[in-house]
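**Q** Below: one structure in structure tokens.
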Amino acid sequence: IDISTNINGIKISSCIMNASGILCCTEKELYNLMMSSSGAVVTKSCTIKPRKGNLKPRYFEWKGGSINSMGLPNLGIDFYLNFLEKKNSKKPFLLSISGLSIEENYLILRKANISSNMNAIELNLSCPNLLEKDKILGYDFSKISDFLENLFQFYKKPLGVKLPPYFEDFHFRKMAFILNKYPIYFVTCINSLPNGICIDINKESVVIHPKKGFGGIGGLSIKPFALANVRKFYTYLRKDIPIIGCGGICTGKDVFEYILCGASAVQIGTQFLKEGIPVFDRLIKELITILKNKNYSSLNSFKGKLNVF
Ligand SMILES: C=Cc1c(C(=O)O)[nH]c(=O)[nH]c1=O
């Protein structure tokens, strides 16, 4: 049973990897991922300078998943480029970047343009936890269009994008139309659902400190929306743009559902934080059991073949 995948030439031994942001910020975390069964290593979205992130509590788990307003804590682009230079592993690395402004993204990309050891950039267009005033870039179609137009003038290396969830067909068509104009290496759907709140009824309060308790929702409860985003982009994107699914994956069955919707690989966020490194071996085992029972030999046997009535 082959559960490897190929993202535009990047061969990934197992289609299951970590999601950006989860246990992938420090040298130790990146090393652990590099040595794990995660098919690739996705780094914490980085900025030009190190950031401490938001005040705590900034993460909370509930039965439906997680809420976070981390505020982009990371060690800065130079740390991640340096880690990539000195790593001695063949495992693919996706370097996630999330500048606080278009200009900062250009600065970071110019630095990344020099590095040879990363397999691709995952350009985060969907951080939901910046200041109230900041819109989610992924929802500003004209800004994105201009940004990508300028970006691809100078950035010629593999680059994919991480998108926020969309909910209307028009938005999927609009975003796919923009992305289809560029050499986009992959699309990761979705980032957390923006600006939810979770409540503690004993304290009669919100559960996280930043932004009056509003934060990105991840985990189990967002899976239906994430599957829908994968399916929509699988329908509207150029066939040569692979999709990486992300959102609420807890079991091998969930992984199967994403591939059925058209994903070529998946990323594990909240469940990875809950379970740690062993989550990858468990999901691989569960997925292989499902493929065996269904007599499928590889992902291509069923990828995108979701039946509709
Ligand atoms: C990069 C910042 C992000 C963060 C964060 O650092 O607050 N949380 C998310 O759920 N998604 C993000 O993209």
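Chain labels A, B, ... are given in the sequence in which chains occur in the structure tokens; within each chain residues are numbered consecutively from 1, and ligands are likewise numbered from 1 in the order shown.
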Find the residues around stretch 142-146 of chain A up to 10 Å (only C-alpha atoms counted), leave out those fewer than 2 positions away in its own chain, and share them as a list in words.
**A** Ile102, Leu125, Leu137, Gly138, Tyr139, Asp140, Leu148, Glu149, Asn150, Leu151, Met175, Phe177, Ile178, Leu179, Lys181 and Tyr182 of chain A
**Q** Within 8 Å of ligand 1, counting only C-alpha atoms and all ligand atoms, which protein or nucleic acid residues do you find, written as JSON, numbers by chain?
**A** {"A": [20, 21, 44, 45, 46, 53, 54, 67, 68, 69, 70, 71, 72, 73, 97, 98, 124, 125, 126, 127, 128, 129, 130, 191, 192, 193, 194, 215, 216, 217, 218]}
**Q** How about saving the chosen residues, N, CA and C atoms kept, as a compact mmCIF listing (two decimals), in the first residue's frame?
**A**
```
# COMPACT_ATOMS: atom_id res chain seq x y z
N SER A 20 1.29 23.96 9.86
CA SER A 20 2.10 25.08 10.32
C SER A 20 1.54 25.58 11.65
N GLY A 21 2.45 25.90 12.56
CA GLY A 21 2.01 26.49 13.83
C GLY A 21 2.02 25.51 14.98
N LYS A 44 6.63 26.88 11.69
CA LYS A 44 5.73 27.92 12.20
C LYS A 44 5.85 29.13 11.27
N SER A 45 4.74 29.75 10.90
CA SER A 45 4.82 30.94 10.04
C SER A 45 5.78 31.94 10.68
N CYS A 46 6.67 32.49 9.87
CA CYS A 46 7.65 33.40 10.45
C CYS A 46 7.52 34.81 9.89
N GLY A 53 4.72 37.01 20.42
CA GLY A 53 3.31 36.65 20.27
C GLY A 53 2.44 37.31 21.33
N ASN A 54 1.20 36.90 21.36
CA ASN A 54 0.21 37.54 22.24
C ASN A 54 0.35 37.12 23.70
N ILE A 67 -9.20 26.74 20.26
CA ILE A 67 -9.26 28.15 19.89
C ILE A 67 -7.89 28.74 20.19
N ASN A 68 -7.36 29.59 19.28
CA ASN A 68 -6.04 30.16 19.53
C ASN A 68 -5.98 31.59 19.03
N SER A 69 -5.20 32.38 19.78
CA SER A 69 -4.81 33.68 19.27
C SER A 69 -3.34 33.86 19.66
N MET A 70 -2.49 33.00 19.05
CA MET A 70 -1.07 32.97 19.43
C MET A 70 -0.39 34.30 19.14
N GLY A 71 -0.79 34.92 18.02
CA GLY A 71 -0.18 36.21 17.67
C GLY A 71 1.14 36.05 16.97
N LEU A 72 1.31 34.94 16.28
CA LEU A 72 2.46 34.74 15.40
C LEU A 72 3.81 34.70 16.14
N PRO A 73 3.88 33.99 17.29
CA PRO A 73 5.18 33.87 17.96
C PRO A 73 6.10 33.03 17.09
N ILE A 97 5.63 31.36 5.78
CA ILE A 97 5.90 32.77 6.10
C ILE A 97 4.60 33.54 6.23
N SER A 98 4.61 34.53 7.10
CA SER A 98 3.40 35.33 7.31
C SER A 98 3.79 36.74 7.77
N ASN A 124 1.47 32.14 3.98
CA ASN A 124 0.25 32.17 4.80
C ASN A 124 -0.55 33.43 4.52
N LEU A 125 -1.70 33.27 3.88
CA LEU A 125 -2.54 34.43 3.55
C LEU A 125 -3.73 34.50 4.51
N SER A 126 -3.61 33.81 5.65
CA SER A 126 -4.85 33.59 6.42
C SER A 126 -4.71 33.67 7.93
N CYS A 127 -3.67 34.36 8.44
CA CYS A 127 -3.57 34.43 9.89
C CYS A 127 -4.75 35.26 10.43
N PRO A 128 -5.57 34.65 11.32
CA PRO A 128 -6.76 35.36 11.79
C PRO A 128 -6.53 36.19 13.06
N ASN A 129 -5.30 36.13 13.58
CA ASN A 129 -5.13 36.66 14.95
C ASN A 129 -4.27 37.90 15.04
N LEU A 130 -4.19 38.64 13.96
CA LEU A 130 -3.39 39.86 14.07
C LEU A 130 -4.30 40.93 14.64
N ASN A 191 -6.88 27.29 6.92
CA ASN A 191 -6.40 27.77 8.20
C ASN A 191 -7.60 27.74 9.17
N SER A 192 -7.37 28.13 10.41
CA SER A 192 -8.46 28.09 11.41
C SER A 192 -9.61 29.01 11.00
N LEU A 193 -10.78 28.71 11.52
CA LEU A 193 -11.95 29.56 11.27
C LEU A 193 -11.80 30.83 12.11
N PRO A 194 -11.79 31.99 11.46
CA PRO A 194 -11.46 33.20 12.19
C PRO A 194 -12.50 33.63 13.23
N GLY A 215 -10.72 34.24 18.67
CA GLY A 215 -9.54 33.54 18.15
C GLY A 215 -9.91 32.56 17.06
N GLY A 216 -8.86 31.98 16.41
CA GLY A 216 -9.07 31.02 15.34
C GLY A 216 -9.52 29.68 15.89
N ILE A 217 -10.57 29.12 15.26
CA ILE A 217 -11.09 27.82 15.71
C ILE A 217 -10.51 26.71 14.85
N GLY A 218 -9.98 25.68 15.51
CA GLY A 218 -9.43 24.52 14.79
C GLY A 218 -10.02 23.25 15.36
```
**Q** Skip stretch 268-284 of chain A itself and residues of its chain fewer than 6 positions away, then list as an MDAnalysis selection string all residues within 10 Å of it, counting only C-alpha atoms.
**A** chainID A and resid 3 14:23 29 32:33 35:39 61 65:67 191:192 217:220 245:255
**Q** Go through stretch 18-109 of chain A and collect every residue that DSSP, computed from the backbone, puts in strand (DSSP E or B); the answer should be as a list of chain:residue names.
**A**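 Put together, the selection reads A:Asn18, A:Val41, A:Val42, A:Cys46, A:Arg51, A:Tyr59, A:Phe60, A:Glu61, A:Trp62, A:Gly65, A:Ser66, A:Ile67, A:Asn68, A:Asn74, A:Phe93, A:Leu94, A:Leu95, A:Ser96, A:Ile97.
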**Q** To test your reading of the structure, identify every residue in stretch 102-308 of chain A that backbone DSSP assigns to alpha helix (DSSP H), and report it as a VMD selection string.
**A** chain A and resid 102 to 112 141 to 154 169 to 179 223 to 236 252 to 261 270 to 275 278 to 293
**Q** By how many Å are atom CA of A:Lys203 and atom CA of A:Lys223 apart?
**A**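 Here the two named atoms are 29.1 Å from each other.
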**Q** Find the residues near A:Pro242: any atom within 10 Å, counting only C-alpha atoms, skip ones fewer than 5 places away on the same chain, and give them as a list in words.
**A**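 The residues satisfying every condition are Asn6, Ile7, Asn8, Gly160, Ile184, Tyr185, Phe186, Val187, Thr188, Phe233, Tyr234, Leu237, Gly262, Ala263, Ser264 and Ala265 of chain A.
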